[in-house]
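Pasted below: input_27.pdb, PDB, C-alpha atoms and all ligand atoms.
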```
MODEL        1
ATOM      1  CA  MET A   1      15.194  37.945  -3.216
ATOM      2  CA  LEU A   2      17.177  38.786  -0.076
ATOM      3  CA  VAL A   3      18.431  36.010   2.220
ATOM      4  CA  PHE A   4      20.629  36.013   5.310
ATOM      5  CA  PRO A   5      23.075  33.060   5.267
ATOM      6  CA  ASN A   6      23.985  32.214   8.848
ATOM      7  CA  ALA A   7      27.092  30.628  10.357
ATOM      8  CA  LYS A   8      27.425  27.380  12.349
ATOM      9  CA  LEU A   9      29.129  26.139  15.487
ATOM     10  CA  ASN A  10      30.551  22.655  16.066
ATOM     11  CA  LEU A  11      29.699  21.163  19.452
ATOM     12  CA  GLY A  12      32.390  18.501  19.665
ATOM     13  CA  LEU A  13      34.393  17.387  16.661
ATOM     14  CA  TYR A  14      36.050  14.000  16.381
ATOM     15  CA  ILE A  15      38.144  13.027  13.387
ATOM     16  CA  THR A  16      37.666   9.301  13.369
ATOM     17  CA  SER A  17      39.335   7.852  10.256
ATOM     18  CA  GLN A  18      41.012   8.589   6.942
ATOM     19  CA  ARG A  19      38.855   7.986   3.860
ATOM     20  CA  PRO A  20      40.005   6.575   0.521
ATOM     21  CA  ASP A  21      38.876   9.832  -1.197
ATOM     22  CA  GLY A  22      41.437  11.847   0.806
ATOM     23  CA  PHE A  23      38.855  13.307   3.200
ATOM     24  CA  ARG A  24      38.417  12.311   6.873
ATOM     25  CA  ASN A  25      35.377  10.793   8.517
ATOM     26  CA  LEU A  26      34.180  12.897  11.401
ATOM     27  CA  GLU A  27      31.561  13.091  14.124
ATOM     28  CA  SER A  28      30.239  16.453  15.224
ATOM     29  CA  VAL A  29      27.079  18.230  16.303
ATOM     30  CA  PHE A  30      26.395  21.204  14.027
ATOM     31  CA  VAL A  31      24.176  24.021  15.284
ATOM     32  CA  PRO A  32      23.124  27.197  13.440
ATOM     33  CA  LEU A  33      24.707  30.413  14.722
ATOM     34  CA  PRO A  34      22.644  33.531  13.904
ATOM     35  CA  TRP A  35      25.668  35.590  12.773
ATOM     36  CA  THR A  36      24.753  36.320   9.159
ATOM     37  CA  ASP A  37      25.855  37.638   5.784
ATOM     38  CA  ALA A  38      23.285  39.169   3.409
ATOM     39  CA  LEU A  39      22.841  37.759  -0.092
ATOM     40  CA  GLU A  40      20.645  39.279  -2.781
ATOM     41  CA  VAL A  41      19.663  37.115  -5.749
ATOM     42  CA  LEU A  42      17.843  38.795  -8.661
ATOM     43  CA  PRO A  43      17.283  37.981 -12.323
ATOM     44  CA  ALA A  44      19.850  40.073 -14.293
ATOM     45  CA  PHE A  45      18.670  43.106 -16.283
ATOM     46  CA  MET A  46      17.675  42.142 -19.775
ATOM     47  CA  GLY A  47      20.778  41.764 -21.956
ATOM     48  CA  THR A  48      23.280  41.670 -19.052
ATOM     49  CA  GLU A  49      25.480  38.785 -17.972
ATOM     50  CA  THR A  50      25.558  37.032 -14.620
ATOM     51  CA  SER A  51      27.403  39.156 -12.054
ATOM     52  CA  LEU A  52      28.454  39.097  -8.418
ATOM     53  CA  THR A  53      29.274  42.225  -6.443
ATOM     54  CA  LEU A  54      30.812  42.121  -2.977
ATOM     55  CA  THR A  55      30.834  44.421   0.027
ATOM     56  CA  GLY A  56      31.904  43.919   3.631
ATOM     57  CA  ILE A  57      34.861  41.700   4.596
ATOM     58  CA  PRO A  58      37.152  41.106   1.584
ATOM     59  CA  ILE A  59      36.998  37.480   0.384
ATOM     60  CA  PRO A  60      40.305  35.947  -0.753
ATOM     61  CA  GLY A  61      40.415  34.301  -4.180
ATOM     62  CA  GLU A  62      39.123  34.998  -7.670
ATOM     63  CA  LEU A  63      35.533  36.226  -7.956
ATOM     64  CA  ALA A  64      34.671  33.226 -10.166
ATOM     65  CA  THR A  65      35.599  30.851  -7.311
ATOM     66  CA  ASN A  66      33.137  32.497  -4.925
ATOM     67  CA  LEU A  67      30.768  29.851  -3.616
ATOM     68  CA  CYS A  68      27.705  31.936  -4.577
ATOM     69  CA  LEU A  69      28.713  31.857  -8.240
ATOM     70  CA  ARG A  70      29.715  28.197  -7.990
ATOM     71  CA  ALA A  71      26.254  27.404  -6.609
ATOM     72  CA  TYR A  72      24.668  29.216  -9.583
ATOM     73  CA  GLU A  73      26.918  27.414 -12.114
ATOM     74  CA  LEU A  74      26.147  24.044 -10.539
ATOM     75  CA  LEU A  75      22.392  24.517 -10.965
ATOM     76  CA  LYS A  76      22.808  26.106 -14.400
ATOM     77  CA  ALA A  77      24.427  22.883 -15.621
ATOM     78  CA  ASP A  78      21.128  21.075 -14.956
ATOM     79  CA  PHE A  79      18.491  23.799 -15.390
ATOM     80  CA  ASP A  80      17.822  26.480 -17.980
ATOM     81  CA  LEU A  81      18.589  29.369 -15.628
ATOM     82  CA  PRO A  82      18.593  32.973 -16.881
ATOM     83  CA  PRO A  83      21.541  35.238 -15.949
ATOM     84  CA  VAL A  84      21.420  36.520 -12.364
ATOM     85  CA  GLN A  85      22.653  39.532 -10.482
ATOM     86  CA  LEU A  86      24.112  38.540  -7.105
ATOM     87  CA  HIS A  87      25.229  40.800  -4.304
ATOM     88  CA  LEU A  88      26.939  39.441  -1.185
ATOM     89  CA  HIS A  89      27.556  41.568   1.882
ATOM     90  CA  LYS A  90      30.146  39.578   3.847
ATOM     91  CA  VAL A  91      29.991  39.822   7.628
ATOM     92  CA  VAL A  92      30.903  36.351   8.980
ATOM     93  CA  PRO A  93      34.697  36.027   9.379
ATOM     94  CA  ILE A  94      36.438  33.837   6.799
ATOM     95  CA  GLY A  95      38.598  30.849   7.744
ATOM     96  CA  ALA A  96      37.066  30.963  11.190
ATOM     97  CA  GLY A  97      35.514  27.504  11.496
ATOM     98  CA  LEU A  98      32.081  29.131  11.270
ATOM     99  CA  GLY A  99      31.194  27.791   7.821
ATOM    100  CA  GLY A 100      30.435  31.244   6.452
ATOM    101  CA  GLY A 101      31.264  30.409   2.841
ATOM    102  CA  SER A 102      29.351  27.134   3.043
ATOM    103  CA  GLY A 103      26.284  28.975   4.326
ATOM    104  CA  ASP A 104      26.458  31.408   1.386
ATOM    105  CA  ALA A 105      26.613  28.477  -1.035
ATOM    106  CA  ALA A 106      23.640  26.664   0.500
ATOM    107  CA  PHE A 107      21.514  29.819   0.745
ATOM    108  CA  ALA A 108      22.336  30.657  -2.893
ATOM    109  CA  LEU A 109      21.073  27.190  -3.926
ATOM    110  CA  ARG A 110      17.912  27.651  -1.861
ATOM    111  CA  ALA A 111      17.263  31.155  -3.185
ATOM    112  CA  LEU A 112      17.747  30.088  -6.827
ATOM    113  CA  ASN A 113      15.427  27.119  -6.256
ATOM    114  CA  ASP A 114      12.744  29.453  -4.871
ATOM    115  CA  LEU A 115      13.239  32.330  -7.320
ATOM    116  CA  PHE A 116      13.089  30.175 -10.443
ATOM    117  CA  VAL A 117      10.632  27.634  -9.005
ATOM    118  CA  LEU A 118      12.941  24.697  -9.793
ATOM    119  CA  GLY A 119      11.008  22.353  -7.530
ATOM    120  CA  LEU A 120      14.097  20.827  -5.893
ATOM    121  CA  THR A 121      13.341  18.950  -2.678
ATOM    122  CA  PRO A 122      15.478  19.516   0.443
ATOM    123  CA  ALA A 123      17.147  16.137  -0.255
ATOM    124  CA  ALA A 124      17.992  17.193  -3.821
ATOM    125  CA  LEU A 125      19.321  20.558  -2.594
ATOM    126  CA  GLU A 126      21.497  18.703  -0.082
ATOM    127  CA  GLY A 127      22.902  16.657  -2.956
ATOM    128  CA  TYR A 128      23.929  19.819  -4.828
ATOM    129  CA  ALA A 129      25.268  21.403  -1.631
ATOM    130  CA  ARG A 130      27.506  18.377  -0.935
ATOM    131  CA  ARG A 131      29.232  18.974  -4.248
ATOM    132  CA  LEU A 132      30.238  22.489  -3.189
ATOM    133  CA  GLY A 133      31.831  21.561   0.152
ATOM    134  CA  SER A 134      31.568  19.110   3.037
ATOM    135  CA  ASP A 135      29.903  21.659   5.322
ATOM    136  CA  CYS A 136      27.395  23.000   2.788
ATOM    137  CA  ALA A 137      24.683  20.359   3.117
ATOM    138  CA  PHE A 138      24.141  21.222   6.789
ATOM    139  CA  PHE A 139      22.902  24.693   5.837
ATOM    140  CA  ILE A 140      20.036  23.231   3.796
ATOM    141  CA  ARG A 141      18.594  21.683   7.015
ATOM    142  CA  ASN A 142      19.979  24.439   9.209
ATOM    143  CA  LYS A 143      18.919  22.876  12.498
ATOM    144  CA  PRO A 144      20.971  20.983  15.115
ATOM    145  CA  VAL A 145      22.165  17.620  13.745
ATOM    146  CA  LEU A 146      24.711  14.928  14.441
ATOM    147  CA  ALA A 147      26.992  14.917  11.402
ATOM    148  CA  TYR A 148      29.033  11.944  10.201
ATOM    149  CA  GLU A 149      31.279  10.857   7.335
ATOM    150  CA  ARG A 150      32.556  13.992   5.505
ATOM    151  CA  GLY A 151      30.265  16.071   7.736
ATOM    152  CA  ASP A 152      27.495  15.710   5.160
ATOM    153  CA  VAL A 153      25.497  12.745   6.473
ATOM    154  CA  PHE A 154      23.095  13.618   9.275
ATOM    155  CA  GLU A 155      21.082  12.145  12.098
ATOM    156  CA  ASP A 156      18.536  14.075  14.083
ATOM    157  CA  VAL A 157      19.558  15.067  17.578
ATOM    158  CA  THR A 158      17.371  16.202  20.445
ATOM    159  CA  LEU A 159      19.000  19.455  21.470
ATOM    160  CA  ASP A 160      17.359  22.739  22.287
ATOM    161  CA  LEU A 161      19.779  25.596  22.785
ATOM    162  CA  THR A 162      17.229  28.256  21.844
ATOM    163  CA  GLY A 163      17.932  31.445  23.761
ATOM    164  CA  VAL A 164      21.268  30.304  25.252
ATOM    165  CA  ALA A 165      23.616  33.301  25.453
ATOM    166  CA  CYS A 166      26.705  32.832  23.312
ATOM    167  CA  LYS A 167      29.922  34.728  22.703
ATOM    168  CA  VAL A 168      32.093  34.023  19.658
ATOM    169  CA  VAL A 169      35.620  35.452  19.549
ATOM    170  CA  TYR A 170      37.543  35.525  16.275
ATOM    171  CA  PRO A 171      41.190  36.432  16.874
ATOM    172  CA  GLY A 172      41.849  37.151  13.214
ATOM    173  CA  LEU A 173      43.898  34.058  12.379
ATOM    174  CA  HIS A 174      42.848  32.627   9.034
ATOM    175  CA  ILE A 175      43.440  28.886   9.492
ATOM    176  CA  SER A 176      43.098  26.827   6.310
ATOM    177  CA  THR A 177      40.749  23.879   6.805
ATOM    178  CA  ALA A 178      42.935  21.549   4.707
ATOM    179  CA  GLU A 179      46.048  22.481   6.709
ATOM    180  CA  ALA A 180      44.225  21.987  10.014
ATOM    181  CA  TYR A 181      43.067  18.503   8.955
ATOM    182  CA  SER A 182      46.604  17.551   7.960
ATOM    183  CA  ARG A 183      47.726  18.137  11.566
ATOM    184  CA  VAL A 184      45.257  15.698  13.145
ATOM    185  CA  GLN A 185      45.803  11.969  13.533
ATOM    186  CA  PRO A 186      42.388  10.224  13.241
ATOM    187  CA  ARG A 187      41.346   8.174  16.291
ATOM    188  CA  THR A 188      38.334   6.699  18.061
ATOM    189  CA  PRO A 189      36.432   9.324  20.120
ATOM    190  CA  ARG A 190      36.909   9.067  23.882
ATOM    191  CA  HIS A 191      33.212   9.707  24.533
ATOM    192  CA  GLU A 192      30.153   8.845  22.510
ATOM    193  CA  LEU A 193      28.939  12.216  21.197
ATOM    194  CA  ARG A 194      25.266  11.220  20.875
ATOM    195  CA  THR A 195      25.192  10.261  24.579
ATOM    196  CA  ALA A 196      27.290  13.199  25.792
ATOM    197  CA  ILE A 197      25.219  15.850  23.955
ATOM    198  CA  SER A 198      22.008  14.512  25.512
ATOM    199  CA  GLN A 199      23.369  15.260  29.024
ATOM    200  CA  PRO A 200      23.055  18.699  30.704
ATOM    201  CA  LEU A 201      25.187  21.412  29.088
ATOM    202  CA  GLU A 202      27.183  21.811  32.320
ATOM    203  CA  THR A 203      28.616  18.278  31.854
ATOM    204  CA  TRP A 204      29.912  18.908  28.327
ATOM    205  CA  ARG A 205      33.138  20.487  29.578
ATOM    206  CA  ASP A 206      34.291  17.029  30.720
ATOM    207  CA  THR A 207      32.820  14.935  27.928
ATOM    208  CA  ILE A 208      32.811  16.861  24.631
ATOM    209  CA  SER A 209      35.922  18.083  22.822
ATOM    210  CA  ASN A 210      37.230  19.179  19.443
ATOM    211  CA  ASP A 211      40.212  17.231  18.035
ATOM    212  CA  PHE A 212      41.492  20.355  16.261
ATOM    213  CA  GLU A 213      42.238  21.990  19.629
ATOM    214  CA  GLU A 214      45.077  19.595  20.475
ATOM    215  CA  ALA A 215      46.476  20.004  16.981
ATOM    216  CA  LEU A 216      46.271  23.814  16.780
ATOM    217  CA  MET A 217      46.570  25.212  20.303
ATOM    218  CA  PRO A 218      50.324  24.543  20.721
ATOM    219  CA  GLN A 219      51.019  26.600  17.558
ATOM    220  CA  TYR A 220      48.391  29.263  18.268
ATOM    221  CA  PRO A 221      48.402  29.770  22.073
ATOM    222  CA  VAL A 222      45.889  32.617  21.698
ATOM    223  CA  LEU A 223      43.165  30.004  21.062
ATOM    224  CA  GLY A 224      43.715  28.409  24.480
ATOM    225  CA  GLU A 225      43.936  31.845  26.111
ATOM    226  CA  ILE A 226      40.530  32.894  24.726
ATOM    227  CA  LYS A 227      38.988  29.588  25.795
ATOM    228  CA  ALA A 228      40.379  30.043  29.330
ATOM    229  CA  GLN A 229      39.011  33.619  29.426
ATOM    230  CA  LEU A 230      35.551  32.389  28.415
ATOM    231  CA  TYR A 231      35.583  29.800  31.226
ATOM    232  CA  ALA A 232      36.915  32.380  33.713
ATOM    233  CA  ALA A 233      34.002  34.653  32.708
ATOM    234  CA  GLY A 234      31.487  31.930  33.599
ATOM    235  CA  ALA A 235      30.962  29.958  30.385
ATOM    236  CA  ALA A 236      29.409  26.556  31.043
ATOM    237  CA  TYR A 237      31.026  25.293  27.867
ATOM    238  CA  ALA A 238      33.740  26.762  25.623
ATOM    239  CA  SER A 239      35.447  25.389  22.530
ATOM    240  CA  LEU A 240      37.138  26.048  19.241
ATOM    241  CA  SER A 241      34.561  25.886  16.411
ATOM    242  CA  GLY A 242      35.461  23.585  13.515
ATOM    243  CA  SER A 243      39.063  24.032  12.431
ATOM    244  CA  GLY A 244      39.155  27.517  14.012
ATOM    245  CA  SER A 245      40.156  30.115  14.650
ATOM    246  CA  ALA A 246      36.860  31.233  16.230
ATOM    247  CA  VAL A 247      36.362  30.182  19.863
ATOM    248  CA  TYR A 248      32.922  30.302  21.479
ATOM    249  CA  GLY A 249      31.454  30.196  24.964
ATOM    250  CA  LEU A 250      27.926  29.226  26.030
ATOM    251  CA  PHE A 251      26.336  30.987  29.001
ATOM    252  CA  PRO A 252      22.975  29.332  29.772
ATOM    253  CA  GLY A 253      20.702  31.273  32.109
ATOM    254  CA  GLN A 254      22.388  34.618  31.381
ATOM    255  CA  GLU A 255      20.638  37.484  29.569
ATOM    256  CA  THR A 256      23.750  38.431  27.605
ATOM    257  CA  PRO A 257      27.303  37.073  27.550
ATOM    258  CA  PRO A 258      29.754  38.884  29.847
ATOM    259  CA  LYS A 259      32.267  41.438  28.582
ATOM    260  CA  LEU A 260      35.846  40.195  28.154
ATOM    261  CA  GLU A 261      39.121  42.136  28.122
ATOM    262  CA  LEU A 262      40.258  41.272  24.592
ATOM    263  CA  ALA A 263      42.754  42.667  22.103
ATOM    264  CA  GLN A 264      41.084  45.355  19.983
ATOM    265  CA  GLU A 265      41.533  43.617  16.661
ATOM    266  CA  TYR A 266      39.493  40.589  17.770
ATOM    267  CA  GLN A 267      36.026  40.366  16.290
ATOM    268  CA  VAL A 268      33.297  39.425  18.748
ATOM    269  CA  TRP A 269      29.717  38.248  18.244
ATOM    270  CA  ASP A 270      27.416  38.383  21.265
ATOM    271  CA  GLY A 271      23.913  36.999  21.061
ATOM    272  CA  ARG A 272      21.597  34.082  21.678
ATOM    273  CA  LEU A 273      21.364  30.801  19.805
TER     274      LEU A 273
HETATM  275  C1  LIG B 301      36.324  21.446   9.761
HETATM  276  C2  LIG B 301      34.880  21.671   9.424
HETATM  277  C3  LIG B 301      34.013  21.084  10.548
HETATM  278  O1  LIG B 301      32.670  21.450  10.424
HETATM  279  O2  LIG B 301      34.506  23.032   9.333
HETATM  280  P1  LIG B 301      35.317  24.433   9.127
HETATM  281  O3  LIG B 301      36.350  24.562  10.173
HETATM  282  O4  LIG B 301      35.911  24.421   7.759
HETATM  283  O5  LIG B 301      34.251  25.485   9.264
HETATM  284  C4  LIG B 301      34.507  20.964   8.092
HETATM  285  O6  LIG B 301      34.785  19.593   8.152
HETATM  286  C5  LIG B 301      35.167  21.539   6.870
HETATM  287  O7  LIG B 301      34.251  21.502   5.818
HETATM  288  P2  LIG B 301      34.492  22.415   4.491
HETATM  289  O8  LIG B 301      35.070  23.727   4.904
HETATM  290  O9  LIG B 301      33.218  22.408   3.731
HETATM  291  O10 LIG B 301      35.622  21.589   3.779
HETATM  292  P3  LIG B 301      35.809  21.238   2.229
HETATM  293  O11 LIG B 301      35.822  22.517   1.463
HETATM  294  O12 LIG B 301      34.900  20.150   1.796
HETATM  295  O13 LIG B 301      37.274  20.630   2.276
HETATM  296  C6  LIG B 301      38.436  21.406   2.501
HETATM  297  C7  LIG B 301      39.582  20.448   2.841
HETATM  298  O14 LIG B 301      39.430  19.970   4.195
HETATM  299  C8  LIG B 301      39.760  18.586   4.299
HETATM  300  N1  LIG B 301      38.578  17.838   4.786
HETATM  301  C9  LIG B 301      37.344  18.437   4.840
HETATM  302  C10 LIG B 301      36.266  17.746   5.343
HETATM  303  C11 LIG B 301      36.470  16.416   5.787
HETATM  304  N2  LIG B 301      35.460  15.699   6.300
HETATM  305  N3  LIG B 301      37.688  15.841   5.715
HETATM  306  C12 LIG B 301      38.753  16.529   5.228
HETATM  307  O15 LIG B 301      39.847  16.006   5.184
HETATM  308  C13 LIG B 301      40.224  18.155   2.927
HETATM  309  O16 LIG B 301      41.628  18.278   2.922
HETATM  310  C14 LIG B 301      39.615  19.180   1.996
HETATM  311  O17 LIG B 301      40.373  19.375   0.837
HETATM  312  N1  LIG B 302      31.136  33.468  -0.221
HETATM  313  C1  LIG B 302      32.260  33.136   0.407
HETATM  314  N2  LIG B 302      32.472  33.512   1.682
HETATM  315  C2  LIG B 302      33.599  33.145   2.333
HETATM  316  N3  LIG B 302      34.589  32.428   1.799
HETATM  317  C3  LIG B 302      34.429  32.027   0.536
HETATM  318  C4  LIG B 302      33.266  32.356  -0.211
HETATM  319  N4  LIG B 302      33.386  31.811  -1.424
HETATM  320  C5  LIG B 302      34.562  31.175  -1.442
HETATM  321  N5  LIG B 302      35.207  31.293  -0.271
HETATM  322  C6  LIG B 302      36.518  30.675   0.100
HETATM  323  O1  LIG B 302      36.237  29.718   1.155
HETATM  324  C7  LIG B 302      37.263  29.753   2.157
HETATM  325  C8  LIG B 302      36.706  29.981   3.589
HETATM  326  O2  LIG B 302      35.482  29.384   3.819
HETATM  327  P1  LIG B 302      34.631  29.656   5.144
HETATM  328  O3  LIG B 302      33.456  28.758   5.037
HETATM  329  O4  LIG B 302      34.373  31.099   5.394
HETATM  330  O5  LIG B 302      35.607  29.278   6.299
HETATM  331  P2  LIG B 302      35.670  28.004   7.216
HETATM  332  O6  LIG B 302      36.082  26.874   6.325
HETATM  333  O7  LIG B 302      36.700  28.321   8.231
HETATM  334  O8  LIG B 302      34.350  27.790   7.838
HETATM  335  C9  LIG B 302      38.194  30.892   1.788
HETATM  336  O9  LIG B 302      39.350  30.321   1.277
HETATM  337  C10 LIG B 302      37.456  31.684   0.711
HETATM  338  O10 LIG B 302      38.327  32.183  -0.267
ENDMDL
END
```
Take the structure from the file and write it as structure tokens.
Ligand SMILES: C[C@@](CO)(OP(=O)(O)O)[C@H](O)COP(=O)(O)OP(=O)(O)OC[C@H]1O[C@@H](n2ccc(N)nc2=O)[C@H](O)[C@@H]1O
Ligand SMILES: Nc1ncnc2c1ncn2[C@@H]1O[C@H](COP(=O)(O)OP(=O)(O)O)[C@@H](O)[C@H]1O
Amino acid sequence: MLVFPNAKLNLGLYITSQRPDGFRNLESVFVPLPWTDALEVLPAFMGTETSLTLTGIPIPGELATNLCLRAYELLKADFDLPPVQLHLHKVVPIGAGLGGGSGDAAFALRALNDLFVLGLTPAALEGYARRLGSDCAFFIRNKPVLAYERGDVFEDVTLDLTGVACKVVYPGLHISTAEAYSRVQPRTPRHELRTAISQPLETWRDTISNDFEEALMPQYPVLGEIKAQLYAAGAAYASLSGSGSAVYGLFPGQETPPKLELAQEYQVWDGRL
């Protein structure tokens, strides 16, 4: 079975309070971004052990800690799964605020559920996904949602960005999510996100923000520079995604996003949501 785990963007991100479990409560709108990895999930050859092979962007950390294998082990603890042969071709930048690893984990759960006919409901899959990372549960629904608490409790949101031209710029800084959180002081959001997101996209520039920007932009000026370039090029809305370091711009009404003069080592995704 071949699946294509996509990335996500955060439209607004407010870190509202510290939780007793060490995590922060947040408010954010998550939307799928069709920048994808490719993940193949097959039953292993008879007599062979579970394996994971990797191509594409190198993934830091031990192979055993890869979220695809962790997803398999999590289900194996509850179901009599046979050994599997996994192959991940990594395309989505890592440590970019695009949830690439979380998407792999959620798509691995979904693929294993389908391949071995486990009969898990979307709600049950979300439960497993939550145990692999705060962001993972979103990728089970994989449609725009308002996210709360650890980023794993959702409310539906009326938002149709289908076809909106989008540019994502990844300047190659790997920012650790835990470190980024440690730099932010939780506070009450200045605008109500549910109300702001329901207004025309052109108003978001004044009403929707990401708390990580204030915390990270002084140390990494390149993030603010890319955001300014996206606005100068005509973006109706531009922001850091998640805890960075990817910055995106939305260009409604345009066929394709405009070209930008960027440093060569930056990775760019141009497309439509
Ligand atoms: C910031 C966000 C916004 O969507 O995305 P990314 O920038 O990572 O894509 C997420 O909250 C990232 O979720 P995820 O990447 O799954 O984080 P996890 O693995 O669960 O946690 C990594 C670390 O981030 C911190 N953390 C994460 C989520 C949360 N609600 N509060 C936290 O304080 C904790 O220090 C935790 O140890
Ligand atoms: N399949 C995977 N793809 C990417 N990162 C992974 C994967 N499995 C584990 N990781 C670990 O997850 C971290 C990055 O997660 P990712 O979701 O790509 O970034 P972000 O948190 O910025 O959205 C890295 O430390 C990486 O080692």
Requested in this report: Give the residues close to ligand LIG 302 (chain B), within 8 Å, counting only C-alpha atoms and all ligand atoms; write them as a ChimeraX atom specification.
Outcome: /A:59-62,65-68,88,90,92-105,135,174-177,242-245
#### Entry: Residues in the PyMOL selection byres (((chain A and resi 83) around 7) and not hetatm), expressed as a list in words
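Here the PyMOL selection byres (((chain A and resi 83) around 7) and not hetatm) matches Pro43, Ala44, Glu49, Thr50, Leu81, Pro82 and Val84 of chain A.
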For ligand LIG 301 (chain B), which residue among A:Leu118, A:Leu159, A:Cys166, A:Ala7 is the nearest when counting all atoms listed in the file?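 Nearest to ligand LIG 301 (chain B): A:Ala7.
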- prompt: For Phe138 of chain A, which residue out of A:Gln85, A:Ile197, A:Pro218, A:Asp156 is the nearest one, using all atoms listed in the file?
  reply: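 That would be A:Asp156, the residue with the smallest distance to Phe138 of chain A.
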What does the structure give for the distance between atom CA of Arg272 of chain A and atom CA of Leu250 of chain A, in Å to one decimal?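 About the pair atom CA of Arg272 of chain A and atom CA of Leu250 of chain A: they are 9.1 Å apart.
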List, as a PDB file with C-alpha atoms, in the frame of the given file, every residue that the PyMOL selection byres (((chain A and resi 143) around 12) and not hetatm) selects in the file provided.
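That gives us out.pdb:
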```
ATOM      1  CA  ASN A   6      23.985  32.214   8.848  1.00  0.00           C
ATOM      2  CA  ALA A   7      27.092  30.628  10.357  1.00  0.00           C
ATOM      3  CA  LYS A   8      27.425  27.380  12.349  1.00  0.00           C
ATOM      4  CA  LEU A   9      29.129  26.139  15.487  1.00  0.00           C
ATOM      5  CA  VAL A  29      27.079  18.230  16.303  1.00  0.00           C
ATOM      6  CA  PHE A  30      26.395  21.204  14.027  1.00  0.00           C
ATOM      7  CA  VAL A  31      24.176  24.021  15.284  1.00  0.00           C
ATOM      8  CA  PRO A  32      23.124  27.197  13.440  1.00  0.00           C
ATOM      9  CA  LEU A  33      24.707  30.413  14.722  1.00  0.00           C
ATOM     10  CA  PRO A  34      22.644  33.531  13.904  1.00  0.00           C
ATOM     11  CA  ALA A 137      24.683  20.359   3.117  1.00  0.00           C
ATOM     12  CA  PHE A 138      24.141  21.222   6.789  1.00  0.00           C
ATOM     13  CA  PHE A 139      22.902  24.693   5.837  1.00  0.00           C
ATOM     14  CA  ILE A 140      20.036  23.231   3.796  1.00  0.00           C
ATOM     15  CA  ARG A 141      18.594  21.683   7.015  1.00  0.00           C
ATOM     16  CA  ASN A 142      19.979  24.439   9.209  1.00  0.00           C
ATOM     17  CA  PRO A 144      20.971  20.983  15.115  1.00  0.00           C
ATOM     18  CA  VAL A 145      22.165  17.620  13.745  1.00  0.00           C
ATOM     19  CA  LEU A 146      24.711  14.928  14.441  1.00  0.00           C
ATOM     20  CA  ALA A 147      26.992  14.917  11.402  1.00  0.00           C
ATOM     21  CA  PHE A 154      23.095  13.618   9.275  1.00  0.00           C
ATOM     22  CA  GLU A 155      21.082  12.145  12.098  1.00  0.00           C
ATOM     23  CA  ASP A 156      18.536  14.075  14.083  1.00  0.00           C
ATOM     24  CA  VAL A 157      19.558  15.067  17.578  1.00  0.00           C
ATOM     25  CA  THR A 158      17.371  16.202  20.445  1.00  0.00           C
ATOM     26  CA  LEU A 159      19.000  19.455  21.470  1.00  0.00           C
ATOM     27  CA  ASP A 160      17.359  22.739  22.287  1.00  0.00           C
ATOM     28  CA  LEU A 161      19.779  25.596  22.785  1.00  0.00           C
ATOM     29  CA  THR A 162      17.229  28.256  21.844  1.00  0.00           C
ATOM     30  CA  LEU A 273      21.364  30.801  19.805  1.00  0.00           C
TER      31      LEU A 273
END
```
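Of the listed residues A:Tyr181, A:Phe45, A:Phe107, A:Tyr72, the one whose atoms come nearest to ligand LIG 301 (chain B) is A:Tyr181, with distances taken using all atoms listed in the file.
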* To do: Please provide as a list in words all residues within 8 Å of segment 208-217 of chain A, with the sequence filter that same-chain residues fewer than 3 positions apart are discarded (counting all atoms listed in the file).
  =>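 Once the adjacent positions are removed, what remains is Leu11, Gly12, Leu13, Tyr14, Ile15, Ala180, Tyr181, Arg183, Val184, His191, Leu193, Ala196, Ile197, Trp204, Arg205, Tyr220, Pro221, Val222, Leu223, Gly224, Ser239, Leu240, Ser241, Gly242, Ser243 and Gly244 of chain A.
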Of the candidates A:Ser28, A:Thr188, A:Thr55, A:Thr203, which one gets nearest to ligand LIG 301 (chain B) if we count only C-alpha atoms and all ligand atoms?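 So, comparing all the options, the nearest one is A:Ser28.
In terms of minimum interatomic distance to ligand LIG 301 (chain B), A:Leu26 ranks closest within A:Leu26, A:Ala236, A:Val164, A:Met46, counting only C-alpha atoms and all ligand atoms.
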Restricting to only C-alpha atoms, whichever of A:Gly172, A:Gly151, A:Pro186, A:Pro58 is closest to Arg130 of chain A is A:Gly151
**Reference answer for the PyMOL selection byres (((chain A and resi 53) around 6) and not hetatm), as JSON, numbers by chain** = {"A": [52, 54, 87]}
With 6 Å added on each side, what axis-aligned box encloses every listed atom of ligand LIG 301 (chain B)? Give the centre and edge lengths in Å to one decimal, as AutoDock Vina command-line options.
```
--center_x 37.1 --center_y 20.6 --center_z 5.7 --size_x 21.0 --size_y 21.8 --size_z 21.7
```
* To do: Pick out the residues sitting within 10 Å of segment 251-256 of chain A, and hand them over as a ChimeraX atom specification; count only C-alpha atoms, and ignore anything fewer than 5 positions along from it in its own chain.
  => /A:161-167,201-202,230-231,233-238,270-272
Expressed in Å to a single decimal, how great is the separation between atom CA of Pro258 of chain A and atom CA of Tyr170 of chain A?
->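 Going from atom CA of Pro258 of chain A over to atom CA of Tyr170 of chain A covers 16.0 Å.
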re atom C11 of ligand LIG 301 (chain B) and atom CA of Arg150 of chain A: distance 4.6 Å
Please identify all polymer residues within 8 Å of Leu39 of chain A, counting all atoms listed in the file, omitting same-chain residues fewer than 6 positions from it, and present them as a list in words.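 In the requested format, the answer is Leu2, Val3, Phe4, Pro5, Leu86, His87, Leu88, His89, Asp104 and Ala108 of chain A.
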